[in-house]
>>> print(open('query_14.csv').read())   # CSV, C-alpha atoms and all ligand atoms
chain,number,residue,atom,x,y,z
A,1,MET,CA,22.1,53.0,-29.9
A,2,LYS,CA,23.9,53.1,-26.6
A,3,GLN,CA,20.5,53.0,-24.8
A,4,PHE,CA,19.5,49.9,-26.8
A,5,PHE,CA,22.6,48.0,-25.6
A,6,ILE,CA,21.9,48.9,-22.0
A,7,ILE,CA,18.3,47.7,-22.2
A,8,PHE,CA,19.5,44.5,-24.0
A,9,PHE,CA,22.0,43.7,-21.2
A,10,VAL,CA,19.4,44.3,-18.5
A,11,ILE,CA,17.0,41.9,-20.1
A,12,ILE,CA,19.6,39.2,-20.5
A,13,GLY,CA,20.7,39.8,-16.9
A,14,LEU,CA,17.2,39.4,-15.6
A,15,GLN,CA,16.6,36.2,-17.5
A,16,THR,CA,19.7,34.4,-16.3
A,17,GLY,CA,18.9,35.6,-12.8
A,18,PHE,CA,15.5,34.0,-13.0
A,19,ALA,CA,16.9,30.7,-14.3
A,20,GLN,CA,19.6,30.7,-11.6
A,21,ASN,CA,16.9,31.3,-8.9
A,22,TYR,CA,14.8,28.4,-10.3
A,23,ASN,CA,17.8,26.0,-10.6
A,24,GLN,CA,18.6,26.9,-7.0
A,25,GLU,CA,15.0,26.3,-5.9
A,26,ILE,CA,15.1,22.8,-7.4
A,27,GLU,CA,18.6,22.2,-6.0
A,28,ASN,CA,17.3,23.2,-2.5
A,29,PHE,CA,14.3,20.9,-2.9
A,30,ARG,CA,16.5,17.9,-3.8
A,31,GLN,CA,18.9,18.7,-0.9
A,32,GLN,CA,15.9,18.6,1.5
A,33,GLN,CA,14.8,15.3,0.2
A,34,PHE,CA,18.4,14.0,0.4
A,35,GLN,CA,18.6,15.2,4.0
A,36,SER,CA,15.3,13.6,5.1
A,37,LEU,CA,16.3,10.3,3.4
A,38,SER,CA,19.7,10.2,5.0
A,39,GLN,CA,18.3,11.1,8.5
A,40,GLU,CA,15.7,8.4,8.6
A,41,ALA,CA,16.8,5.6,10.9
A,42,ASN,CA,15.7,2.2,9.4
A,43,GLY,CA,14.7,4.2,6.3
A,44,PRO,CA,14.3,3.1,2.7
A,45,ILE,CA,17.9,3.7,1.5
A,46,ALA,CA,21.3,3.1,3.1
A,47,VAL,CA,23.4,6.3,3.5
A,48,GLN,CA,26.2,4.9,1.3
A,49,ASN,CA,23.6,4.3,-1.5
A,50,LEU,CA,22.4,7.9,-1.6
A,51,THR,CA,25.0,8.6,-4.3
A,52,PHE,CA,22.8,6.5,-6.7
A,53,LEU,CA,20.0,9.0,-6.6
A,54,GLN,CA,19.9,10.7,-10.0
A,55,TYR,CA,17.9,13.6,-11.4
A,56,PHE,CA,17.1,15.3,-14.7
A,57,GLU,CA,18.4,18.8,-14.9
A,58,ALA,CA,16.0,21.5,-13.7
A,59,ASP,CA,13.8,22.6,-16.6
A,60,GLU,CA,11.2,25.2,-15.8
A,61,THR,CA,9.1,24.3,-18.9
A,62,PHE,CA,8.0,21.4,-16.7
A,63,LYS,CA,6.4,23.7,-14.2
A,64,VAL,CA,2.8,24.4,-15.0
A,65,MET,CA,-0.2,26.3,-13.6
A,66,ALA,CA,-3.2,23.9,-13.3
A,67,ASP,CA,-6.9,24.7,-13.0
A,68,VAL,CA,-8.4,22.7,-10.1
A,69,GLU,CA,-11.9,21.3,-10.4
A,70,TYR,CA,-13.0,20.1,-6.9
A,71,LEU,CA,-14.9,16.8,-6.9
A,72,LEU,CA,-17.6,16.4,-4.3
A,73,ASN,CA,-19.3,13.2,-3.1
A,74,GLU,CA,-16.7,11.0,-4.6
A,75,PRO,CA,-16.9,7.3,-3.6
A,76,THR,CA,-13.8,5.9,-1.9
A,77,PHE,CA,-11.9,3.1,-3.7
A,78,ARG,CA,-8.9,0.9,-2.9
A,79,MET,CA,-5.8,1.8,-4.8
A,80,PRO,CA,-3.6,-1.3,-5.2
A,81,THR,CA,-0.2,-1.1,-3.5
A,82,SER,CA,3.2,-2.6,-4.4
A,83,ASP,CA,2.9,-5.4,-1.8
A,84,GLY,CA,-0.3,-6.9,-3.3
A,85,THR,CA,-2.7,-5.2,-0.9
A,86,SER,CA,-4.4,-1.8,-1.3
A,87,LYS,CA,-5.0,1.6,0.5
A,88,GLU,CA,-8.3,3.6,0.5
A,89,PHE,CA,-8.4,6.8,-1.5
A,90,LYS,CA,-10.9,9.1,-3.1
A,91,ARG,CA,-10.6,11.5,-6.0
A,92,TYR,CA,-10.2,15.1,-4.6
A,93,GLY,CA,-10.1,17.1,-7.8
A,94,LEU,CA,-9.2,17.2,-11.4
A,95,LEU,CA,-6.2,19.2,-12.6
A,96,THR,CA,-6.2,20.6,-16.1
A,97,PHE,CA,-3.1,22.2,-17.6
A,98,THR,CA,-1.1,22.7,-20.7
A,99,LEU,CA,2.4,21.2,-20.9
A,100,LYS,CA,4.6,21.6,-24.0
A,101,GLY,CA,1.6,22.7,-26.0
A,102,GLN,CA,-0.5,19.6,-25.0
A,103,LYS,CA,-3.6,19.8,-22.8
A,104,PHE,CA,-3.8,17.2,-19.9
A,105,THR,CA,-6.3,16.3,-17.2
A,106,LEU,CA,-5.0,14.5,-14.1
A,107,PRO,CA,-6.9,13.2,-11.1
A,108,LEU,CA,-5.6,14.3,-7.7
A,109,TYR,CA,-6.4,12.0,-4.7
A,110,GLU,CA,-6.9,12.1,-1.0
A,111,ASN,CA,-5.9,9.3,1.3
A,112,VAL,CA,-9.0,8.4,3.4
A,113,SER,CA,-7.5,5.9,5.8
A,114,ARG,CA,-8.7,6.4,9.3
A,115,PHE,CA,-6.5,7.6,12.1
A,116,GLN,CA,-4.2,9.9,10.1
A,117,SER,CA,-2.3,12.7,11.9
A,118,SER,CA,-3.3,16.3,11.0
A,119,VAL,CA,-0.1,16.7,9.1
A,120,GLN,CA,-0.8,13.6,6.9
A,121,SER,CA,-4.4,14.8,6.3
A,122,SER,CA,-3.2,18.1,4.8
A,123,TYR,CA,-1.4,16.2,2.0
A,124,LEU,CA,-3.0,15.2,-1.3
A,125,PHE,CA,-1.7,12.4,-3.5
A,126,LEU,CA,-0.6,13.1,-7.1
A,127,PRO,CA,1.0,10.0,-8.7
A,128,ILE,CA,2.2,10.1,-12.4
A,129,LEU,CA,3.0,7.7,-15.1
A,130,ASP,CA,4.4,8.9,-18.4
A,131,ARG,CA,6.4,7.8,-21.5
A,132,THR,CA,9.7,7.7,-19.5
A,133,THR,CA,8.1,5.3,-16.9
A,134,GLY,CA,10.1,2.1,-16.9
A,135,GLU,CA,12.7,3.6,-19.3
A,136,SER,CA,14.6,6.5,-17.7
A,137,THR,CA,12.3,6.7,-14.6
A,138,TYR,CA,11.0,4.2,-12.0
A,139,GLU,CA,8.8,1.5,-13.5
A,140,SER,CA,5.9,1.9,-11.1
A,141,GLY,CA,5.6,5.7,-11.6
A,142,ARG,CA,6.5,8.7,-9.5
A,143,TYR,CA,4.8,11.0,-6.9
A,144,ILE,CA,4.5,14.7,-6.5
A,145,ASP,CA,3.6,16.2,-3.1
A,146,VAL,CA,0.7,18.5,-3.0
A,147,LYS,CA,-0.8,20.2,0.1
A,148,LYS,CA,-4.4,21.3,0.3
A,149,GLN,CA,-3.3,24.8,1.1
A,150,ASP,CA,-1.2,25.0,-2.1
A,151,ILE,CA,-4.4,25.3,-4.0
A,152,LYS,CA,-5.2,29.0,-4.2
A,153,ASP,CA,-8.3,30.5,-6.0
A,154,GLY,CA,-8.8,27.2,-7.9
A,155,LYS,CA,-5.2,27.2,-9.2
A,156,LEU,CA,-2.3,24.9,-8.3
A,157,ILE,CA,1.4,25.0,-9.5
A,158,VAL,CA,2.5,21.6,-10.5
A,159,ASP,CA,6.2,21.2,-10.8
A,160,PHE,CA,7.3,18.0,-12.5
A,161,ASN,CA,10.9,18.8,-11.5
A,162,LYS,CA,9.8,17.8,-8.0
A,163,ALA,CA,8.5,14.3,-9.1
A,164,TYR,CA,10.2,11.8,-6.9
A,165,ASN,CA,10.4,8.0,-6.5
A,166,PRO,CA,8.3,6.1,-4.0
A,167,TYR,CA,10.3,4.3,-1.3
A,168,CYS,CA,9.6,1.0,-3.0
A,169,ALA,CA,12.1,2.1,-5.7
A,170,TYR,CA,14.8,1.8,-3.1
A,171,SER,CA,13.6,-0.9,-0.7
A,172,SER,CA,11.4,-3.8,0.0
A,173,GLY,CA,9.0,-3.7,2.9
A,174,TYR,CA,6.9,-0.6,1.9
A,175,ARG,CA,3.3,-0.4,0.7
A,176,CYS,CA,3.4,2.1,-2.2
A,177,PRO,CA,0.2,2.9,-4.0
A,178,GLN,CA,0.4,2.2,-7.8
A,179,PRO,CA,-0.7,5.1,-9.9
A,180,PRO,CA,-4.0,4.4,-11.7
A,181,LYS,CA,-4.1,4.5,-15.5
A,182,ALA,CA,-6.0,7.8,-15.4
A,183,ASN,CA,-2.7,9.3,-14.2
A,184,TYR,CA,-0.8,8.5,-17.4
A,185,LEU,CA,0.6,11.4,-19.3
A,186,ASP,CA,1.2,10.6,-23.0
A,187,ILE,CA,4.4,12.7,-23.0
A,188,ASP,CA,8.1,12.4,-21.9
A,189,ILE,CA,8.3,13.9,-18.4
A,190,ALA,CA,12.1,14.3,-18.6
A,191,ALA,CA,12.1,16.1,-15.3
A,192,GLY,CA,12.4,15.2,-11.6
A,193,GLU,CA,14.0,12.0,-10.2
A,194,LYS,CA,15.4,9.4,-12.5
A,195,LYS,CA,15.4,5.6,-12.1
A,196,TYR,CA,17.3,4.4,-9.0
A,197,THR,CA,20.0,2.1,-10.1
A,198,GLY,CA,21.7,1.3,-6.7
A,199,PRO,CA,21.4,-1.9,-4.6
A,200,LYS,CA,17.9,-2.4,-3.2
A,201,ASN,CA,17.5,-2.3,0.5
A,202,GLN,CA,15.9,-5.4,2.2
A,203,ARG,CA,13.9,-3.8,4.9
A,204,GLU,CA,13.3,-5.8,8.0
A,205,GLN,CA,10.0,-5.3,9.8
A,206,ASP,CA,10.6,-2.8,12.5
A,207,SER,CA,9.8,-4.6,15.8
A,208,ASN,CA,9.9,-1.3,17.7
A,209,MET,CA,6.6,-0.4,16.0
A,210,ALA,CA,4.9,-3.3,17.8
A,211,LYS,CA,2.3,-2.3,20.4
A,212,ASN,CA,0.6,-3.9,23.4
A,213,PHE,CA,-3.2,-4.4,23.5
A,214,THR,CA,-5.2,-1.2,24.2
A,215,GLU,CA,-7.3,-0.9,27.4
A,216,LYS,CA,-10.4,-1.5,25.3
A,217,GLU,CA,-8.9,-4.6,23.7
A,218,LYS,CA,-7.8,-6.0,27.1
A,219,LYS,CA,-11.3,-5.7,28.4
A,220,LEU,CA,-12.7,-7.5,25.4
A,221,ILE,CA,-10.1,-10.4,25.7
A,222,THR,CA,-10.7,-10.8,29.5
A,223,ALA,CA,-14.5,-10.5,29.3
A,224,GLY,CA,-14.7,-14.3,28.9
A,225,SER,CA,-12.8,-17.4,30.0
A,226,PRO,CA,-9.7,-18.3,27.8
A,227,THR,CA,-11.7,-21.0,26.1
A,228,GLU,CA,-14.9,-19.0,25.5
A,229,LYS,CA,-15.6,-18.0,21.9
A,230,MET,CA,-15.9,-14.3,21.0
A,231,TYR,CA,-18.5,-12.3,19.1
A,232,VAL,CA,-17.6,-12.2,15.4
A,233,LEU,CA,-18.0,-8.7,13.9
A,234,GLN,CA,-20.4,-8.4,10.9
A,235,THR,CA,-20.0,-6.1,7.9
A,236,PRO,CA,-23.7,-5.0,7.8
A,237,ILE,CA,-23.4,-3.5,11.3
A,238,GLU,CA,-21.8,-0.1,11.0
A,239,LYS,CA,-19.7,0.0,14.2
A,240,ASP,CA,-18.4,-3.5,13.4
A,241,SER,CA,-17.6,-2.5,9.8
A,242,LEU,CA,-15.5,0.4,11.1
A,243,ILE,CA,-13.2,-2.0,13.0
A,244,LEU,CA,-13.1,-4.4,10.1
A,245,ARG,CA,-12.0,-1.6,7.8
A,246,THR,CA,-9.2,-0.3,10.1
A,247,GLN,CA,-5.6,-1.3,9.4
A,248,SER,CA,-4.3,-3.3,12.3
A,249,ASP,CA,-1.0,-2.8,14.2
A,250,ASP,CA,1.8,-5.2,15.0
A,251,ILE,CA,1.6,-6.7,18.5
A,252,LYS,CA,4.5,-7.2,21.0
A,253,TYR,CA,5.1,-10.9,20.7
A,254,ASP,CA,5.5,-11.3,24.5
A,255,ASP,CA,2.2,-9.5,25.5
A,256,ALA,CA,0.8,-11.2,28.5
A,257,LEU,CA,-2.7,-11.5,27.0
A,258,LEU,CA,-1.6,-13.0,23.7
A,259,THR,CA,-2.3,-16.6,24.8
A,260,ALA,CA,-5.7,-15.8,26.2
A,261,LEU,CA,-6.7,-14.1,22.9
A,262,SER,CA,-5.3,-16.9,20.8
A,263,THR,CA,-7.3,-19.6,22.6
A,264,ARG,CA,-10.5,-17.5,22.5
A,265,MET,CA,-10.0,-16.9,18.7
A,266,LEU,CA,-9.5,-20.6,18.2
A,267,ALA,CA,-12.7,-21.4,20.0
A,268,THR,CA,-14.4,-18.8,17.8
A,269,VAL,CA,-13.1,-20.2,14.5
A,270,GLN,CA,-13.9,-23.8,15.6
A,271,ASP,CA,-17.4,-22.9,16.8
A,272,PRO,CA,-19.5,-25.9,15.5
A,273,ALA,CA,-22.4,-23.5,14.6
A,274,HIS,CA,-20.1,-21.4,12.3
A,275,PRO,CA,-16.9,-23.2,11.6
A,276,GLY,CA,-14.2,-21.5,9.6
A,277,VAL,CA,-10.8,-22.3,8.1
A,278,GLY,CA,-9.2,-19.1,9.4
A,279,ILE,CA,-9.8,-16.0,11.5
A,280,ALA,CA,-8.2,-12.7,11.9
A,281,ALA,CA,-8.1,-10.6,15.1
A,282,PRO,CA,-10.1,-7.6,13.7
A,283,GLN,CA,-13.0,-10.0,13.2
A,284,VAL,CA,-13.3,-10.3,17.0
A,285,GLY,CA,-12.8,-6.6,17.5
A,286,ILE,CA,-9.0,-6.5,18.0
A,287,ASN,CA,-7.0,-4.4,15.6
A,288,LYS,CA,-3.8,-6.3,15.9
A,289,ASN,CA,-1.9,-8.4,13.4
A,290,LEU,CA,-2.9,-11.9,14.6
A,291,ILE,CA,-4.4,-14.8,12.6
A,292,TRP,CA,-5.3,-18.5,12.9
A,293,VAL,CA,-5.1,-20.5,9.7
A,294,GLN,CA,-6.0,-24.2,9.2
A,295,ARG,CA,-3.0,-25.8,7.6
A,296,PHE,CA,-4.5,-28.1,5.0
A,297,ASP,CA,-0.9,-28.6,3.7
A,298,LYS,CA,0.2,-30.4,6.9
A,299,PRO,CA,-0.7,-33.9,8.3
A,300,ASN,CA,-3.9,-33.8,10.4
A,301,GLN,CA,-4.6,-30.3,9.1
A,302,PRO,CA,-3.9,-28.4,12.4
A,303,PHE,CA,-4.9,-24.8,13.1
A,304,GLU,CA,-1.9,-22.6,13.6
A,305,PHE,CA,-1.6,-19.1,15.2
A,306,TYR,CA,0.6,-16.4,13.6
A,307,VAL,CA,1.9,-13.2,15.1
A,308,ASN,CA,2.5,-10.2,12.8
A,309,PRO,CA,2.2,-12.1,9.6
A,310,LYS,CA,3.2,-10.3,6.3
A,311,ILE,CA,3.1,-11.6,2.8
A,312,ILE,CA,6.5,-10.6,1.4
A,313,TRP,CA,6.2,-12.3,-2.0
A,314,ARG,CA,3.4,-13.4,-4.3
A,315,SER,CA,3.6,-15.7,-7.3
A,316,GLN,CA,2.6,-14.4,-10.8
A,317,LEU,CA,0.6,-17.6,-11.1
A,318,LEU,CA,-3.0,-17.1,-9.9
A,319,ARG,CA,-5.8,-19.5,-9.0
A,320,GLN,CA,-9.5,-19.2,-8.6
A,321,GLY,CA,-11.5,-20.6,-5.8
A,322,ALA,CA,-14.7,-20.1,-3.7
A,323,GLU,CA,-14.4,-18.0,-0.6
A,324,GLY,CA,-16.7,-16.9,2.2
A,325,CYS,CA,-16.1,-15.0,5.3
A,326,LEU,CA,-17.3,-15.3,8.9
A,327,SER,CA,-17.9,-11.5,9.0
A,328,ILE,CA,-19.9,-11.4,5.8
A,329,PRO,CA,-23.2,-13.2,6.1
A,330,ASP,CA,-24.7,-15.4,3.3
A,331,ARG,CA,-22.1,-14.8,0.6
A,332,LYS,CA,-19.8,-17.1,-1.2
A,333,GLU,CA,-17.9,-16.1,-4.4
A,334,ASP,CA,-15.0,-17.1,-6.7
A,335,VAL,CA,-11.9,-15.1,-5.9
A,336,ILE,CA,-8.7,-15.0,-7.8
A,337,ARG,CA,-5.6,-15.3,-5.5
A,338,ASN,CA,-1.9,-15.9,-5.9
A,339,TYR,CA,-1.1,-19.6,-6.2
A,340,SER,CA,1.8,-19.3,-3.8
A,341,ILE,CA,3.2,-16.8,-1.3
A,342,LYS,CA,6.1,-16.2,1.0
A,343,LEU,CA,5.0,-15.5,4.5
A,344,GLN,CA,7.0,-13.7,7.2
A,345,TYR,CA,6.0,-13.8,10.9
A,346,ILE,CA,7.3,-13.6,14.4
A,347,ASP,CA,8.3,-16.7,16.2
A,348,ARG,CA,6.6,-16.4,19.6
A,349,LYS,CA,9.3,-18.1,21.5
A,350,THR,CA,12.3,-16.2,20.1
A,351,GLY,CA,10.8,-13.0,18.8
A,352,LYS,CA,12.7,-13.6,15.6
A,353,HIS,CA,11.4,-13.3,12.0
A,354,THR,CA,10.6,-16.6,10.3
A,355,GLU,CA,9.8,-17.1,6.6
A,356,GLU,CA,7.9,-19.8,4.9
A,357,LEU,CA,6.7,-20.6,1.4
A,358,ILE,CA,3.1,-21.7,1.2
A,359,GLU,CA,1.0,-22.8,-1.8
A,360,GLY,CA,-2.4,-23.9,-2.9
A,361,PHE,CA,-5.6,-23.6,-0.8
A,362,THR,CA,-3.6,-22.9,2.4
A,363,ALA,CA,-2.0,-20.0,0.7
A,364,VAL,CA,-5.5,-18.7,-0.2
A,365,ILE,CA,-6.5,-18.8,3.5
A,366,PHE,CA,-3.4,-16.9,4.5
A,367,GLN,CA,-4.1,-14.2,1.8
A,368,HIS,CA,-7.7,-13.9,3.0
A,369,GLU,CA,-6.7,-13.5,6.7
A,370,VAL,CA,-3.8,-11.2,6.0
A,371,ASP,CA,-6.1,-9.0,3.9
A,372,HIS,CA,-8.3,-8.6,7.0
A,373,LEU,CA,-5.3,-7.0,8.8
A,374,TYR,CA,-5.2,-4.3,6.2
A,375,GLY,CA,-9.0,-3.7,6.4
A,376,ILE,CA,-9.4,-5.5,3.0
A,377,LEU,CA,-12.4,-7.8,2.6
A,378,TYR,CA,-12.7,-10.4,-0.2
A,379,PRO,CA,-15.5,-8.4,-2.1
A,380,ASP,CA,-12.8,-5.7,-2.5
A,381,ARG,CA,-10.7,-8.3,-4.4
A,382,LEU,CA,-13.7,-9.1,-6.6
A,383,GLU,CA,-13.9,-5.4,-7.6
A,384,GLU,CA,-10.2,-5.3,-8.3
A,385,GLN,CA,-10.4,-8.4,-10.4
A,386,ALA,CA,-13.2,-7.1,-12.4
A,387,ALA,CA,-11.0,-4.2,-13.5
A,388,LYS,CA,-8.1,-6.5,-14.5
A,389,GLU,CA,-7.5,-8.5,-17.6
A,390,MET,CA,-6.4,-12.2,-17.1
A,391,VAL,CA,-5.5,-14.9,-19.5
A,392,PRO,CA,-6.3,-18.6,-18.6
A,393,LEU,CA,-3.3,-20.9,-18.5
A,394,HIS,CA,-4.7,-24.1,-19.8
A,395,GLU,CA,-2.8,-25.3,-22.8
A,396,ASN,CA,-1.0,-28.6,-22.3
A,397,MET,CA,-1.3,-28.3,-18.5
A,398,GLN,CA,-3.4,-30.5,-16.3
A,399,PHE,CA,-3.3,-31.0,-12.6
A,400,PHE,CA,-3.8,-34.5,-11.1
A,401,ILE,CA,-4.2,-35.9,-7.6
A,402,GLY,CA,-4.0,-39.6,-6.5
A,403,LYS,CA,-7.4,-41.4,-6.3
A,404,GLY,CA,-8.6,-41.4,-2.7
A,405,THR,CA,-6.6,-38.4,-1.7
A,406,ILE,CA,-8.6,-35.8,0.3
A,407,VAL,CA,-9.0,-32.7,-1.7
A,408,PRO,CA,-9.1,-29.5,0.4
B,501,ZN,ZN,-12.8,-13.3,6.4
>>> encode(input="query_14.csv", output="structure tokens", more="lines below")
Ligand code: ZN
Amino acid sequence: MKQFFIIFFVIIGLQTGFAQNYNQEIENFRQQQFQSLSQEANGPIAVQNLTFLQYFEADETFKVMADVEYLLNEPTFRMPTSDGTSKEFKRYGLLTFTLKGQKFTLPLYENVSRFQSSVQSSYLFLPILDRTTGESTYESGRYIDVKKQDIKDGKLIVDFNKAYNPYCAYSSGYRCPQPPKANYLDIDIAAGEKKYTGPKNQREQDSNMAKNFTEKEKKLITAGSPTEKMYVLQTPIEKDSLILRTQSDDIKYDDALLTALSTRMLATVQDPAHPGVGIAAPQVGINKNLIWVQRFDKPNQPFEFYVNPKIIWRSQLLRQGAEGCLSIPDRKEDVIRNYSIKLQYIDRKTGKHTEELIEGFTAVIFQHEVDHLYGILYPDRLEEQAAKEMVPLHENMQFFIGKGTIVP
């Protein structure tokens, strides 16, 4: 009898020991996240708001061992992001696991944007949506970090206690991928980070990230006179397509070659042989955030040049209209765009951020040109729209325009 008691105590002792270790592991993980969030200058959350971060209690039953099925030759696709643009991903593998007696399969993704650092390229992307999404957890889903080297012998430990909120939960100004429907788990994942309820950070664009033109870009700009048109890159040509598909950087607003490039881009978009209503710098081989847009909403419809434009708000109301692109030969299709947008850009004289509300056809041109800066072409938008359900808004609403008015 005495022996029995001793064994009994040893078992209880071991079990509490394991649980304590696990609680400590999760606590350490959260402390690390806390540290990195609080140390980031110009980061997503103000230090005084860190107290609003909330978590479910550590629960080891939300830690599972998944079988990994690698997926080969997967096509790349654009995953929509919180700012109304998208980022390029492909499926890396399928995770199959049992959680609370239920069997699940989740796709695991790899970010395939070009020019990633080696650290970034070792990370995989595991976004989740579940029954707590929008209730006790963030309405756009949560992420779990996975590294390629964490997969061993076709197995991966997935710990939902480490699910965390994307930066967009705390702040504006980030581009967070939105988890695809395939990543919905029909169960309550009452583990990991809870909904953030603190004040949302309004993140200013970081002007320190702006760059000057590269040597190659300088050569391209100065290869012709400031009024000479430039070659327009074409999607069917592979080396052109690479540049058109690359995300552009912000430019220093006082760069010495900015004026020369702007006048050359204007000559290009106004080329009588191929006139356009807008042009983006990547279309002439310059991966910098610069666009020309014809302002159909202003008297005399002038072309205007914008430095580091960002769309910081998009209306729910959508409109459909025909679009073509100087970089895509012989195509014209109906694209659905936001009816109005709020644009932020840099004033070239002061270097200050300026905001403007734009609507109608001019807003469409801005959306098309700003998309170019993210490597997005209008056929990508067609694909995205094909996957989305939309309801026409026609009852009791008609648009009119005075007779004789010029319709853009
Ligand atoms: Zn275009």
>>> residues_near_point(input="query_14.csv", point="(11.2, 15.4, -7.8)", cutoff="7 Å", atoms="only C-alpha atoms", output="ChimeraX atom specification")
/A:144,160-164,192-193
>>> residues_around(input="query_14.csv", residues="A:Glu356", least_positions_apart="3", cutoff="7 Å", atoms="only C-alpha atoms", output="mmCIF file with C-alpha atoms, in the frame of the given file")
data_model
loop_
_atom_site.group_PDB
_atom_site.id
_atom_site.type_symbol
_atom_site.label_atom_id
_atom_site.label_comp_id
_atom_site.auth_asym_id
_atom_site.auth_seq_id
_atom_site.Cartn_x
_atom_site.Cartn_y
_atom_site.Cartn_z
ATOM 1 C CA LYS A 342 6.100 -16.200 1.000
ATOM 2 C CA LEU A 343 5.000 -15.500 4.500
ATOM 3 C CA GLN A 344 7.000 -13.700 7.200
#
>>> residues_near_ligand(input="query_14.csv", ligand="ligand ZN 501 (chain B)", cutoff="7 Å", atoms="all atoms listed in the file", output="list in words")
Ile279, Gly324, Cys325, Leu326, Ser327, His368, Glu369, His372 and Leu377 of chain A
>>> residues_around(input="query_14.csv", residues="A:Leu317", least_positions_apart="6", cutoff="10 Å", atoms="all atoms listed in the file", output="PyMOL selection string")
chain A and resi 337-340+393
>>> closest_atom_pairs(input="query_14.csv", of="stretch 262-359 of chain A", to="stretch 213-235 of chain A", cutoff="9 Å", atoms="all atoms listed in the file", output="CSV")
residue,atom,partner,partner_atom,distance
A:Ser262,CA,A:Pro226,CA,8.4
A:Thr263,CA,A:Thr227,CA,5.8
A:Arg264,CA,A:Lys229,CA,5.2
A:Met265,CA,A:Lys229,CA,6.5
A:Leu266,CA,A:Lys229,CA,7.6
A:Ala267,CA,A:Lys229,CA,4.9
A:Thr268,CA,A:Lys229,CA,4.3
A:Val269,CA,A:Lys229,CA,8.1
A:Gln270,CA,A:Lys229,CA,8.7
A:Asp271,CA,A:Lys229,CA,7.3
A:Pro282,CA,A:Leu233,CA,8.0
A:Gln283,CA,A:Leu233,CA,5.2
A:Val284,CA,A:Val232,CA,5.0
A:Gly285,CA,A:Leu233,CA,6.7
A:Ile286,CA,A:Glu217,CA,6.0
A:Asn287,CA,A:Glu217,CA,8.3
A:Lys288,CA,A:Phe213,CA,7.9
A:Leu326,CA,A:Val232,CA,7.2
A:Ser327,CA,A:Gln234,CA,4.4
A:Ile328,CA,A:Thr235,CA,5.7
A:Pro329,CA,A:Gln234,CA,7.3
>>> closest_residue(input="query_14.csv", among="A:Arg331, A:Cys168, A:Asp186, A:Leu373", to="A:Lys200", atoms="all atoms listed in the file")
A:Cys168
>>> residues_around(input="query_14.csv", residues="A:Lys252", least_positions_apart="3", cutoff="7 Å", atoms="all atoms listed in the file", output="list of chain:residue names")
A:Ala210, A:Lys211, A:Asn212, A:Asp255
>>> closest_residue(input="query_14.csv", among="A:Leu258, A:Val146, A:Leu126, A:Ala363", to="A:Leu106", atoms="only C-alpha atoms")
A:Leu126
>>> closest_residue(input="query_14.csv", among="A:Ser248, A:Ser241, A:Asn183, A:Gln20", to="A:Arg131", atoms="only C-alpha atoms")
A:Asn183
>>> closest_residue(input="query_14.csv", among="A:Tyr184, A:Tyr196, A:Phe125, A:Tyr70", to="A:Ser171", atoms="all atoms listed in the file")
A:Tyr196
>>> atom_distance(input="query_14.csv", atom1="atom CA of A:Lys103", atom2="atom CA of A:Arg91")
20.0 Å
>>> atom_distance(input="query_14.csv", atom1="atom CA of A:Ala191", atom2="atom CA of A:Glu60")
9.2 Å
>>> closest_residue(input="query_14.csv", among="A:Arg348, A:Arg78, A:Lys100, A:Lys155", to="A:Met65", atoms="all atoms listed in the file")
A:Lys155
>>> closest_residue(input="query_14.csv", among="A:Leu124, A:Met209, A:Val293, A:Ile187", to="A:Asp249", atoms="all atoms listed in the file")
A:Met209
>>> atom_distance(input="query_14.csv", atom1="atom CA of A:Val68", atom2="atom CA of A:Thr96")
6.7 Å
>>> residues_around(input="query_14.csv", residues="A:Gln320", least_positions_apart="4", cutoff="7 Å", atoms="all atoms listed in the file", output="ChimeraX atom specification")
/A:334-337
>>> build_atoms(input="query_14.csv", residues="stretch 217-224 of chain A", atoms="N, CA and C atoms", output="CSV table (one decimal), in the coordinates of the input")
chain,number,residue,atom,x,y,z
A,217,GLU,N,-9.1,-3.2,24.2
A,217,GLU,CA,-8.9,-4.6,23.7
A,217,GLU,C,-8.7,-5.6,24.9
A,218,LYS,N,-8.0,-5.1,25.9
A,218,LYS,CA,-7.8,-6.0,27.1
A,218,LYS,C,-9.1,-6.4,27.7
A,219,LYS,N,-10.0,-5.4,27.8
A,219,LYS,CA,-11.3,-5.7,28.4
A,219,LYS,C,-12.0,-6.7,27.6
A,220,LEU,N,-12.0,-6.6,26.3
A,220,LEU,CA,-12.7,-7.5,25.4
A,220,LEU,C,-12.1,-8.9,25.5
A,221,ILE,N,-10.8,-9.0,25.6
A,221,ILE,CA,-10.1,-10.4,25.7
A,221,ILE,C,-10.5,-11.0,27.1
A,222,THR,N,-10.5,-10.2,28.2
A,222,THR,CA,-10.7,-10.8,29.5
A,222,THR,C,-12.2,-10.9,29.9
A,223,ALA,N,-13.0,-10.5,29.0
A,223,ALA,CA,-14.5,-10.5,29.3
A,223,ALA,C,-15.0,-11.9,29.4
A,224,GLY,N,-14.3,-12.9,28.9
A,224,GLY,CA,-14.7,-14.3,28.9
A,224,GLY,C,-13.6,-15.2,29.3
